[in-house]
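**Q** Pasting protein38.cif here (mmCIF, C-alpha atoms and all ligand atoms):
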```cif
data_my_file
#
loop_
_atom_site.label_atom_id
_atom_site.label_comp_id
_atom_site.auth_asym_id
_atom_site.auth_seq_id
_atom_site.Cartn_x
_atom_site.Cartn_y
_atom_site.Cartn_z
CA MET W 1 -4.35 7.00 -67.91
CA THR W 2 -7.80 6.62 -69.41
CA GLU W 3 -10.37 9.40 -69.14
CA ARG W 4 -12.52 9.72 -66.04
CA SER W 5 -10.97 6.76 -64.26
CA HIS W 6 -9.66 7.30 -60.77
CA PRO W 7 -5.96 6.66 -60.41
CA GLN W 8 -5.01 3.29 -59.02
CA PRO W 9 -3.41 3.50 -55.58
CA SER W 10 0.26 2.81 -56.03
CA GLY W 11 0.28 0.65 -52.91
CA PRO W 12 -1.11 0.56 -49.39
CA LEU W 13 0.32 3.10 -46.98
CA ARG W 14 2.08 1.29 -44.19
CA ILE W 15 4.13 4.15 -42.79
CA ARG W 16 2.30 6.10 -40.13
CA CYS W 17 3.71 9.30 -38.72
CA GLY W 18 0.93 10.01 -36.26
CA ALA W 19 -2.82 10.14 -35.92
CA GLY W 20 -3.06 12.51 -38.84
CA THR W 21 -1.72 10.25 -41.59
CA VAL W 22 -4.30 9.84 -44.33
CA ALA W 23 -4.28 7.25 -47.12
CA SER W 24 -3.81 8.48 -50.68
CA ARG W 25 -6.11 7.60 -53.56
CA GLY W 26 -2.97 7.23 -55.65
CA ARG W 27 -1.20 8.86 -58.58
CA LEU W 28 -1.98 9.33 -62.26
CA VAL W 29 0.85 6.93 -63.14
CA ARG W 30 1.12 3.95 -60.83
CA GLU W 31 4.40 3.71 -58.88
CA PRO W 32 5.66 1.19 -56.33
CA PRO W 33 5.44 2.48 -52.75
CA SER W 34 8.51 3.88 -51.02
CA ALA W 35 10.04 1.72 -48.29
CA THR W 36 10.73 4.71 -46.09
CA ARG W 37 8.33 7.56 -46.90
CA THR W 38 4.58 8.14 -47.03
CA GLU W 39 3.05 9.17 -50.35
CA PHE W 40 2.74 12.77 -49.16
CA GLN W 41 6.34 12.89 -47.97
CA ARG W 42 7.31 11.85 -51.50
CA ASP W 43 5.13 14.63 -52.94
CA ARG W 44 6.80 17.16 -50.63
CA ASP W 45 10.27 15.92 -51.57
CA ARG W 46 9.53 16.04 -55.32
CA ILE W 47 8.32 19.63 -54.96
CA ILE W 48 11.43 20.72 -53.03
CA HIS W 49 13.73 19.15 -55.61
CA CYS W 50 12.04 20.55 -58.72
CA GLY W 51 13.42 23.44 -60.79
CA ALA W 52 10.37 25.69 -60.37
CA PHE W 53 10.83 25.54 -56.59
CA ARG W 54 14.45 26.70 -56.78
CA ARG W 55 13.52 29.60 -59.06
CA LEU W 56 11.19 30.97 -56.35
CA ALA W 57 14.37 32.29 -54.72
CA LEU W 58 14.71 34.85 -57.52
CA LYS W 59 11.07 35.86 -57.89
CA THR W 60 9.42 38.89 -56.34
CA GLN W 61 6.98 38.63 -53.45
CA VAL W 62 6.02 42.31 -53.21
CA PHE W 63 9.28 44.14 -53.70
CA LEU W 64 11.58 43.61 -56.61
CA PRO W 65 14.69 41.87 -55.36
CA GLU W 66 16.82 44.46 -57.14
CA GLU W 67 15.52 47.03 -54.68
CA SER W 68 16.97 45.27 -51.65
CA ASP W 69 18.22 41.87 -50.57
CA HIS W 70 16.43 42.08 -47.22
CA TYR W 71 12.81 41.62 -48.24
CA ARG W 72 10.80 38.46 -48.85
CA THR W 73 11.11 36.47 -52.03
CA ARG W 74 8.60 33.87 -53.18
CA LEU W 75 10.86 31.22 -51.68
CA THR W 76 11.13 32.73 -48.20
CA HIS W 77 7.38 33.45 -48.27
CA THR W 78 6.75 29.82 -49.23
CA ILE W 79 8.91 28.54 -46.35
CA GLU W 80 7.05 30.81 -43.92
CA VAL W 81 3.68 29.55 -45.19
CA ALA W 82 4.85 25.95 -44.79
CA GLN W 83 5.97 26.60 -41.20
CA ILE W 84 2.66 28.21 -40.20
CA ALA W 85 0.60 25.58 -42.03
CA ARG W 86 2.49 22.72 -40.44
CA SER W 87 2.01 24.17 -36.96
CA ILE W 88 -1.75 24.47 -37.43
CA SER W 89 -2.02 21.07 -39.09
CA ARG W 90 -0.18 19.36 -36.23
CA VAL W 91 -2.50 20.74 -33.55
CA LEU W 92 -5.60 19.80 -35.55
CA GLY W 93 -4.32 16.24 -36.02
CA LEU W 94 -4.21 16.49 -39.82
CA ASP W 95 -1.59 15.02 -42.14
CA ASP W 96 1.39 17.38 -41.70
CA ASP W 97 3.18 16.07 -44.75
CA LEU W 98 0.25 16.65 -47.10
CA THR W 99 -0.19 20.13 -45.59
CA GLU W 100 3.50 20.88 -46.09
CA ALA W 101 3.51 19.62 -49.68
CA LEU W 102 0.55 21.87 -50.50
CA ALA W 103 2.14 24.90 -48.83
CA LEU W 104 5.47 24.39 -50.59
CA ALA W 105 3.80 24.07 -54.01
CA HIS W 106 1.23 26.86 -53.66
CA ASP W 107 3.20 29.62 -55.44
CA LEU W 108 5.21 27.57 -57.98
CA GLY W 109 3.25 29.08 -60.87
CA HIS W 110 4.16 32.70 -60.26
CA SER W 111 5.71 34.55 -63.19
CA PRO W 112 8.52 37.10 -62.75
CA PHE W 113 7.58 40.32 -60.91
CA GLY W 114 4.74 38.81 -58.86
CA HIS W 115 1.19 39.84 -59.66
CA THR W 116 2.46 42.59 -61.97
CA GLY W 117 4.02 40.00 -64.28
CA GLU W 118 0.88 37.89 -64.04
CA ASP W 119 -1.33 40.85 -65.04
CA ALA W 120 0.91 41.65 -68.02
CA LEU W 121 0.89 38.05 -69.28
CA ASP W 122 -2.84 37.76 -68.70
CA ALA W 123 -3.52 40.85 -70.81
CA ALA W 124 -1.07 39.92 -73.57
CA LEU W 125 -2.28 36.31 -73.87
CA GLY W 126 -6.01 36.90 -73.56
CA PRO W 127 -6.94 35.16 -76.84
CA ALA W 128 -5.35 31.95 -75.54
CA GLY W 129 -7.17 32.07 -72.19
CA GLY W 130 -4.81 34.50 -70.47
CA PHE W 131 -2.47 33.67 -67.63
CA ASP W 132 -3.28 32.66 -64.06
CA HIS W 133 -0.60 31.66 -61.53
CA ASN W 134 -2.72 28.95 -59.88
CA ALA W 135 -3.35 27.29 -63.24
CA GLN W 136 0.36 27.63 -64.03
CA THR W 137 1.23 25.75 -60.82
CA LEU W 138 -0.83 22.82 -62.13
CA ARG W 139 0.82 22.99 -65.57
CA ILE W 140 4.22 22.85 -63.87
CA VAL W 141 3.49 19.86 -61.63
CA THR W 142 1.62 17.85 -64.27
CA ARG W 143 3.55 18.70 -67.47
CA LEU W 144 6.36 21.20 -67.50
CA GLU W 145 8.79 19.66 -65.00
CA ARG W 146 10.56 16.95 -67.01
CA ARG W 147 12.75 14.89 -64.70
CA TYR W 148 11.29 11.36 -64.72
CA PRO W 149 11.35 8.81 -67.56
CA ALA W 150 7.86 7.44 -66.92
CA PHE W 151 5.90 10.68 -66.88
CA ASP W 152 5.96 14.44 -67.42
CA GLY W 153 5.47 16.55 -64.31
CA LEU W 154 5.94 15.25 -60.78
CA ASN W 155 3.15 12.60 -60.75
CA LEU W 156 1.80 13.95 -57.44
CA THR W 157 -0.96 12.23 -55.48
CA TRP W 158 -4.67 12.82 -56.06
CA GLU W 159 -4.88 14.73 -52.75
CA THR W 160 -2.05 17.14 -53.55
CA LEU W 161 -3.43 17.88 -57.03
CA GLU W 162 -6.94 18.35 -55.65
CA GLY W 163 -5.61 20.71 -52.98
CA LEU W 164 -3.73 22.80 -55.56
CA VAL W 165 -6.72 23.00 -57.93
CA LYS W 166 -9.18 24.00 -55.20
CA ARG W 167 -6.78 25.94 -52.97
CA ASN W 168 -9.02 29.01 -52.83
CA GLY W 169 -12.26 27.12 -52.23
CA PRO W 170 -14.96 25.68 -54.51
CA LEU W 171 -14.46 26.60 -58.18
CA VAL W 172 -18.04 26.25 -59.40
CA ASP W 173 -21.52 26.71 -57.90
CA ALA W 174 -24.22 24.03 -57.74
CA GLU W 175 -25.16 24.81 -61.38
CA GLY W 176 -21.56 24.44 -62.53
CA ARG W 177 -20.97 28.18 -63.09
CA SER W 178 -17.45 29.41 -62.42
CA LEU W 179 -16.83 31.03 -59.03
CA TYR W 180 -13.24 31.77 -60.07
CA GLY W 181 -13.86 35.32 -61.30
CA ARG W 182 -13.10 34.22 -64.87
CA PRO W 183 -13.77 31.12 -66.97
CA LEU W 184 -12.10 28.12 -65.33
CA PRO W 185 -8.57 27.61 -66.66
CA ALA W 186 -8.39 24.65 -69.04
CA ILE W 187 -5.93 22.72 -66.88
CA PHE W 188 -8.41 22.68 -63.96
CA SER W 189 -11.19 21.22 -66.12
CA GLU W 190 -8.84 18.71 -67.74
CA LEU W 191 -7.59 17.42 -64.40
CA ASP W 192 -11.11 17.33 -62.98
CA ALA W 193 -12.27 15.23 -65.96
CA ARG W 194 -9.48 12.73 -65.32
CA LEU W 195 -9.45 12.72 -61.52
CA GLY W 196 -12.95 13.68 -60.36
CA PHE W 197 -12.28 16.54 -57.93
CA ASP W 198 -15.89 17.73 -57.45
CA LEU W 199 -15.20 21.40 -58.12
CA ALA W 200 -18.31 22.55 -56.21
CA THR W 201 -16.81 21.60 -52.83
CA CYS W 202 -13.79 22.68 -50.78
CA ALA W 203 -10.54 20.76 -51.03
CA GLY W 204 -9.41 18.57 -48.13
CA THR W 205 -8.70 20.11 -44.75
CA GLU W 206 -4.92 20.10 -45.32
CA ALA W 207 -5.34 22.34 -48.38
CA GLN W 208 -7.60 24.65 -46.39
CA VAL W 209 -4.88 24.95 -43.73
CA ALA W 210 -2.29 25.83 -46.38
CA SER W 211 -4.60 28.52 -47.77
CA VAL W 212 -5.27 30.09 -44.37
CA ALA W 213 -1.54 30.02 -43.60
CA ASP W 214 -0.76 31.79 -46.91
CA ASP W 215 -3.07 34.66 -45.89
CA MET W 216 -1.55 34.94 -42.43
CA ALA W 217 2.00 34.83 -43.75
CA TYR W 218 1.66 37.56 -46.33
CA ASN W 219 -0.42 39.84 -44.11
CA ALA W 220 2.15 39.75 -41.31
CA HIS W 221 5.24 39.70 -43.44
CA ASP W 222 4.15 42.35 -45.93
CA LEU W 223 3.58 44.60 -42.91
CA GLU W 224 7.12 43.81 -41.74
CA ASP W 225 8.67 44.47 -45.15
CA GLY W 226 6.62 47.66 -45.52
CA LEU W 227 7.82 48.91 -42.12
CA ASP W 228 11.43 48.02 -42.91
CA ALA W 229 11.18 49.79 -46.26
CA GLY W 230 9.79 52.93 -44.61
CA LEU W 231 6.58 52.91 -46.66
CA PHE W 232 4.66 53.53 -43.40
CA ASP W 233 5.48 53.55 -39.70
CA LEU W 234 4.05 52.17 -36.46
CA PRO W 235 1.84 55.23 -35.69
CA ASP W 236 0.19 54.86 -39.14
CA MET W 237 -0.99 51.41 -38.13
CA ALA W 238 -3.24 52.77 -35.38
CA GLU W 239 -6.00 53.07 -37.98
CA VAL W 240 -6.30 49.26 -37.95
CA PRO W 241 -7.89 48.31 -34.59
CA ILE W 242 -6.14 44.96 -34.14
CA LEU W 243 -2.75 46.47 -34.90
CA ALA W 244 -3.37 49.35 -32.47
CA GLU W 245 -4.35 46.84 -29.81
CA LEU W 246 -1.25 44.68 -30.32
CA ILE W 247 1.11 47.67 -30.39
CA GLY W 248 -0.49 48.91 -27.15
CA ARG W 249 -0.11 45.50 -25.55
CA ILE W 250 3.58 45.29 -26.49
CA ALA W 251 4.23 48.79 -25.08
CA ALA W 252 2.46 47.89 -21.83
CA GLU W 253 4.30 44.58 -21.42
CA THR W 254 7.74 45.88 -22.39
CA PRO W 255 8.00 49.67 -21.93
CA ASN W 256 10.70 51.60 -23.78
CA LEU W 257 11.28 48.92 -26.40
CA ASP W 258 13.12 50.38 -29.39
CA ARG W 259 11.47 50.55 -32.81
CA ASN W 260 13.28 47.57 -34.26
CA LEU W 261 12.32 45.22 -31.42
CA THR W 262 8.78 46.63 -31.37
CA VAL W 263 8.37 45.78 -35.06
CA ARG W 264 9.61 42.20 -34.53
CA ALA W 265 7.38 41.76 -31.46
CA LEU W 266 4.41 43.08 -33.42
CA ILE W 267 4.91 40.70 -36.35
CA ARG W 268 5.28 37.74 -33.96
CA ALA W 269 2.13 38.84 -32.14
CA ILE W 270 0.13 39.13 -35.37
CA VAL W 271 1.12 35.63 -36.51
CA GLY W 272 0.45 34.23 -33.03
CA VAL W 273 -3.00 35.80 -32.69
CA PHE W 274 -4.14 34.59 -36.12
CA VAL W 275 -2.71 31.08 -35.74
CA GLU W 276 -4.36 30.60 -32.34
CA ASP W 277 -7.68 31.95 -33.60
CA ALA W 278 -7.63 29.66 -36.66
CA ILE W 279 -6.92 26.64 -34.46
CA ALA W 280 -9.70 27.48 -31.99
CA GLU W 281 -12.24 28.28 -34.72
CA SER W 282 -11.37 25.18 -36.78
CA LEU W 283 -11.63 22.93 -33.71
CA ARG W 284 -15.03 24.46 -33.04
CA ARG W 285 -16.18 23.77 -36.62
CA LEU W 286 -14.73 20.27 -36.62
CA GLY W 287 -16.28 19.50 -33.24
CA ALA W 288 -14.58 17.60 -30.48
CA GLY W 289 -13.61 14.81 -32.89
CA GLY W 290 -10.92 16.91 -34.58
CA ALA W 291 -9.14 14.94 -37.27
CA ALA W 292 -11.48 11.99 -36.85
CA VAL W 293 -14.29 14.00 -38.41
CA ALA W 294 -12.11 16.08 -40.71
CA GLY W 295 -12.43 13.56 -43.51
CA SER W 296 -16.21 13.71 -43.56
CA MET W 297 -16.27 17.52 -43.47
CA ALA W 298 -13.41 17.96 -45.85
CA ARG W 299 -15.38 17.99 -49.08
CA SER W 300 -18.22 20.22 -47.90
CA VAL W 301 -19.15 23.49 -49.59
CA ARG W 302 -18.23 25.48 -46.48
CA PRO W 303 -14.63 25.34 -45.26
CA ALA W 304 -13.85 23.47 -42.04
CA ILE W 305 -10.73 25.56 -41.49
CA GLY W 306 -10.91 29.30 -40.97
CA LEU W 307 -10.87 32.35 -38.75
CA SER W 308 -13.55 33.51 -36.31
CA PRO W 309 -15.74 36.37 -37.62
CA ALA W 310 -13.81 38.91 -35.50
CA LEU W 311 -10.39 37.86 -36.81
CA ALA W 312 -11.67 37.47 -40.37
CA ALA W 313 -12.70 41.14 -40.17
CA ALA W 314 -9.29 42.03 -38.71
CA SER W 315 -7.59 40.22 -41.59
CA THR W 316 -9.65 42.20 -44.10
CA ALA W 317 -8.71 45.46 -42.34
CA ILE W 318 -5.00 44.56 -42.59
CA LYS W 319 -5.38 43.76 -46.29
CA LEU W 320 -7.06 47.13 -46.91
CA PHE W 321 -4.25 48.90 -45.04
CA LEU W 322 -1.62 47.05 -47.08
CA ARG W 323 -3.40 47.83 -50.32
CA GLU W 324 -3.52 51.55 -49.64
CA ARG W 325 -0.18 52.03 -47.87
CA MET W 326 1.97 49.43 -49.60
CA TYR W 327 0.70 47.84 -52.81
CA ARG W 328 -0.42 51.24 -54.16
CA HIS W 329 2.54 53.20 -52.80
CA PRO W 330 3.98 55.46 -55.53
CA ARG W 331 7.42 53.85 -55.12
CA LEU W 332 5.98 50.43 -55.92
CA LEU W 333 3.58 51.58 -58.63
CA ASP W 334 6.45 53.25 -60.43
CA VAL W 335 8.70 50.20 -60.58
CA ARG W 336 5.73 47.95 -61.27
CA ALA W 337 4.77 49.94 -64.34
CA ARG W 338 8.22 49.30 -65.79
CA ALA W 339 8.08 45.59 -64.91
CA PHE W 340 4.66 45.40 -66.60
CA ASP W 341 6.15 46.89 -69.77
CA ILE W 342 9.03 44.40 -69.75
CA MET W 343 6.67 41.42 -69.58
CA THR W 344 4.28 42.88 -72.17
CA ASP W 345 7.17 43.55 -74.57
CA LEU W 346 8.47 40.00 -74.17
CA ALA W 347 5.07 38.32 -74.62
CA THR W 348 4.17 40.39 -77.69
CA ARG W 349 7.54 39.91 -79.34
CA LEU W 350 7.78 36.14 -78.78
CA VAL W 351 4.18 35.37 -79.74
CA GLY W 352 4.81 37.19 -83.02
CA SER W 353 8.18 35.55 -83.66
CA PRO W 354 8.43 32.28 -81.70
CA GLN W 355 11.65 31.41 -83.58
CA GLU W 356 13.34 33.94 -81.26
CA LEU W 357 12.62 31.75 -78.23
CA PRO W 358 15.67 29.96 -76.80
CA SER W 359 16.31 26.90 -78.98
CA SER W 360 14.82 24.23 -76.69
CA TRP W 361 11.57 26.22 -76.53
CA ALA W 362 11.60 27.29 -80.18
CA ALA W 363 11.75 23.60 -81.12
CA GLN W 364 8.34 23.15 -79.47
CA ALA W 365 6.75 26.04 -81.41
CA VAL W 366 4.79 24.04 -83.95
CA ALA W 367 1.73 26.27 -84.31
CA GLY W 368 3.22 29.43 -85.85
CA PRO W 369 3.13 33.12 -84.89
CA GLY W 370 0.03 34.33 -83.06
CA ALA W 371 -1.61 30.92 -82.65
CA PRO W 372 -3.17 30.06 -79.25
CA LYS W 373 -0.72 27.14 -78.84
CA THR W 374 2.18 29.50 -79.45
CA MET W 375 0.76 31.89 -76.86
CA ARG W 376 0.60 29.09 -74.28
CA LEU W 377 4.17 28.06 -75.07
CA VAL W 378 5.34 31.66 -74.64
CA ALA W 379 3.42 31.89 -71.36
CA ASP W 380 5.09 28.70 -70.09
CA TYR W 381 8.49 30.04 -71.08
CA LEU W 382 8.06 33.55 -69.68
CA ALA W 383 6.48 32.29 -66.44
CA SER W 384 9.48 30.03 -65.91
CA LEU W 385 11.87 32.99 -65.87
CA THR W 386 13.13 34.65 -62.71
CA ASP W 387 12.90 38.42 -62.32
CA ARG W 388 16.47 38.95 -63.47
CA GLY W 389 16.00 36.32 -66.19
CA ALA W 390 13.15 38.38 -67.61
CA VAL W 391 15.33 41.50 -67.59
CA ALA W 392 18.16 39.60 -69.32
CA GLU W 393 15.73 38.27 -71.92
CA HIS W 394 14.45 41.79 -72.58
CA ARG W 395 18.04 42.99 -73.06
CA ARG W 396 18.62 40.15 -75.54
CA LEU W 397 15.60 41.05 -77.66
CA PHE W 398 15.33 44.85 -77.35
CA ARG W 399 17.67 47.78 -77.74
CA SER W 400 16.70 49.44 -74.49
CA THR W 401 15.32 47.93 -71.29
CA PRO W 402 13.56 49.82 -68.47
CA ASP W 403 15.69 50.24 -65.36
CA LEU W 404 14.02 48.56 -62.37
CA ARG W 405 16.05 50.19 -59.59
MG MG W 501 1.45 32.75 -51.33
#
```
Represent the structure contained in this file as structure tokens.
**A**
Amino acid sequence: MTERSHPQPSGPLRIRCGAGTVASRGRLVREPPSATRTEFQRDRDRIIHCGAFRRLALKTQVFLPEESDHYRTRLTHTIEVAQIARSISRVLGLDDDLTEALALAHDLGHSPFGHTGEDALDAALGPAGGFDHNAQTLRIVTRLERRYPAFDGLNLTWETLEGLVKRNGPLVDAEGRSLYGRPLPAIFSELDARLGFDLATCAGTEAQVASVADDMAYNAHDLEDGLDAGLFDLPDMAEVPILAELIGRIAAETPNLDRNLTVRALIRAIVGVFVEDAIAESLRRLGAGGAAVAGSMARSVRPAIGLSPALAAASTAIKLFLRERMYRHPRLLDVRARAFDIMTDLATRLVGSPQELPSSWAAQAVAGPGAPKTMRLVADYLASLTDRGAVAEHRRLFRSTPDLR
């Protein structure tokens, strides 16, 4: 692939699965078309069959899996996001398969222990540009998965890569300054230079749907896991107006419902209310043309997909509640502090002595202790571990390992 050239389409799309099928601009490495699947179905299938996807089963969402087997993992969260995203995409007449591929890939780059592991790696690897899970997703799908003879990574379509790079909205302002809250990760700029993503605009509508669905999924399901874990209870939720309203509605419609069924009804109601609002609001923004005009709006600075102002405020209120009652709960902070130490220990130790990496990784350590390239290699290795893999690695390298139960 030469610099700044657009990828050549690997063949015309002849398979149509409905009004929402969009044509792909192609892949970095040209491939013959599939006889039976659209380009985005192939992207989805490659994501499902890759190693990073399977490891999501053993990575924390909010709780550490060692605490209980009943809470979400990154994999079950990802499946829930894909279900919600696909439902919204179908009603809006978008390409369901592209939406699904983007939803399934959105959390591939998470390190062990969720955002705690990410924060530890980011701090330990600052001189090499730190660590960011969105950037890591792109490293995985363009480099680190090695399963095809003709290319590293999964050779995904232009649209899927664009959607993963810009999944949280435009990355730079009109003057090219980062809107990312930190300097743009190198992998974003490298891919933009090769593929021309226009970082000042939103990604396509399918990526916007996946992003909205991610928010809905973790708001609702973190509330469910928090209730099940006893971190807070239904009466505590009255401080959030939309939750009070929904709990009141459930009680009025089905009096004397027990707590368990009330919790399930509440979570269903939350997802339903947000999904229906996002559909109505997005149809309003897209106008009566729906998918027919989605393409022209897709690369605007303002998103075409989103919540109404009232539900956007409700979503923010739920996030604030979760932050105070769940993410900052002493039980979580305590176990998180130990997980942070495990990841910091591992990063510091392996950057200083990369020969202690497992042999297949140590063989790639050409830059020596402390070098930025060594830091990136260590980040790739540590991010690839599962939660229990990180604990096992700590036990291999250190005399004592914090207990995470
Ligand atoms: Mg997510």
**Q** Got a sec to check which residues lie within 8 Å of ligand MG 501 (chain W), using all atoms listed in the file, and send them as a list in words?
**A**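 The distance check yields Arg74, His77, Thr78, Val81, His106, Asp107, Asp214, Asp215, Ala217 and Tyr218 of chain W.
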**Q** Report, in Å to a single decimal, how far apart atom CA of Ala103 of chain W and atom CA of Ala213 of chain W are.
**A** 8.2 Å
**Q** When distances are computed from only C-alpha atoms, which of W:Leu56, W:Ala310, W:Val62, W:Val212 shows the smallest separation from Ser111 of chain W?
**A** W:Leu56
**Q** Rank W:Phe232, W:Phe321, W:Phe188, W:Phe40 by their smallest atom-to-atom distance to Thr160 of chain W, using only C-alpha atoms, and report the top residue only.
**A**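 Closest residue, counting only C-alpha atoms: W:Phe40.
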**Q** With all atoms listed in the file as the basis for distance, which of W:Ala220, W:Ala229, W:Val29, W:Ala128 is at the shortest distance from Thr374 of chain W?
**A**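 Result for the nearest residue to Thr374 of chain W: W:Ala128.
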**Q** Which is closest to Asn219 of chain W among W:Ile79, W:Leu28, W:Leu164, W:Leu243, if we use all atoms listed in the file?
**A**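 So, comparing all the options, the nearest one is W:Leu243.
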**Q** Hey, which of W:Thr316, W:Ser400, W:Gln136, W:Thr116 ends up closest to Thr344 of chain W? Count all atoms listed in the file.
**A**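 Among the listed residues, the smallest separation from Thr344 of chain W belongs to W:Thr116.
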**Q** With only C-alpha atoms as the atoms that count, which of W:Ala252, W:Val91, W:Ala105, W:Ala269 lies nearest to Val165 of chain W?
**A**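 Among W:Ala252, W:Val91, W:Ala105, W:Ala269, it is W:Ala105 that comes nearest to Val165 of chain W.
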**Q** Do a neighbour search on Pro402 of chain W at 10 Å with all atoms listed in the file, toss out local chain neighbours closer than 3 positions, and write the hits as an mmCIF file with C-alpha atoms, keeping the file's coordinate frame.
**A**
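Output below, filename selection15.cif:
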```cif
data_model
loop_
_atom_site.group_PDB
_atom_site.id
_atom_site.type_symbol
_atom_site.label_atom_id
_atom_site.label_comp_id
_atom_site.auth_asym_id
_atom_site.auth_seq_id
_atom_site.Cartn_x
_atom_site.Cartn_y
_atom_site.Cartn_z
ATOM 1 C CA VAL W 335 8.700 50.200 -60.580
ATOM 2 C CA ALA W 337 4.770 49.940 -64.340
ATOM 3 C CA ARG W 338 8.220 49.300 -65.790
ATOM 4 C CA ALA W 339 8.080 45.590 -64.910
ATOM 5 C CA ASP W 341 6.150 46.890 -69.770
ATOM 6 C CA ILE W 342 9.030 44.400 -69.750
ATOM 7 C CA VAL W 391 15.330 41.500 -67.590
ATOM 8 C CA HIS W 394 14.450 41.790 -72.580
ATOM 9 C CA ARG W 395 18.040 42.990 -73.060
ATOM 10 C CA ARG W 405 16.050 50.190 -59.590
#
```
**Q** Write out as a list in words the residues lying within 9 Å of Leu397 of chain W, counting all atoms listed in the file and excluding same-chain residues fewer than 2 positions away.
**A**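 These residues fall inside the cut-off: Leu346, Arg349, Glu356, Ala392, Glu393, His394, Arg395 and Arg399 of chain W.
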**Q** In Å, with one decimal, what is the gap from atom CA of Leu138 of chain W to atom CA of Leu161 of chain W?
**A**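 According to the coordinates, atom CA of Leu138 of chain W and atom CA of Leu161 of chain W are separated by 7.6 Å.
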**Q** Between atom CA of Leu333 of chain W and atom CA of Asp233 of chain W, what distance in Å does the model show, to one decimal?
**A** 19.1 Å
**Q** Leaving out Met375 of chain W and any residue of its chain fewer than 5 positions from it, which residues lie within 9 Å of it when counting all atoms listed in the file, given as a PyMOL selection string?
**A** chain W and resi 124-125+127-128+130+347+350-351+369-370+380
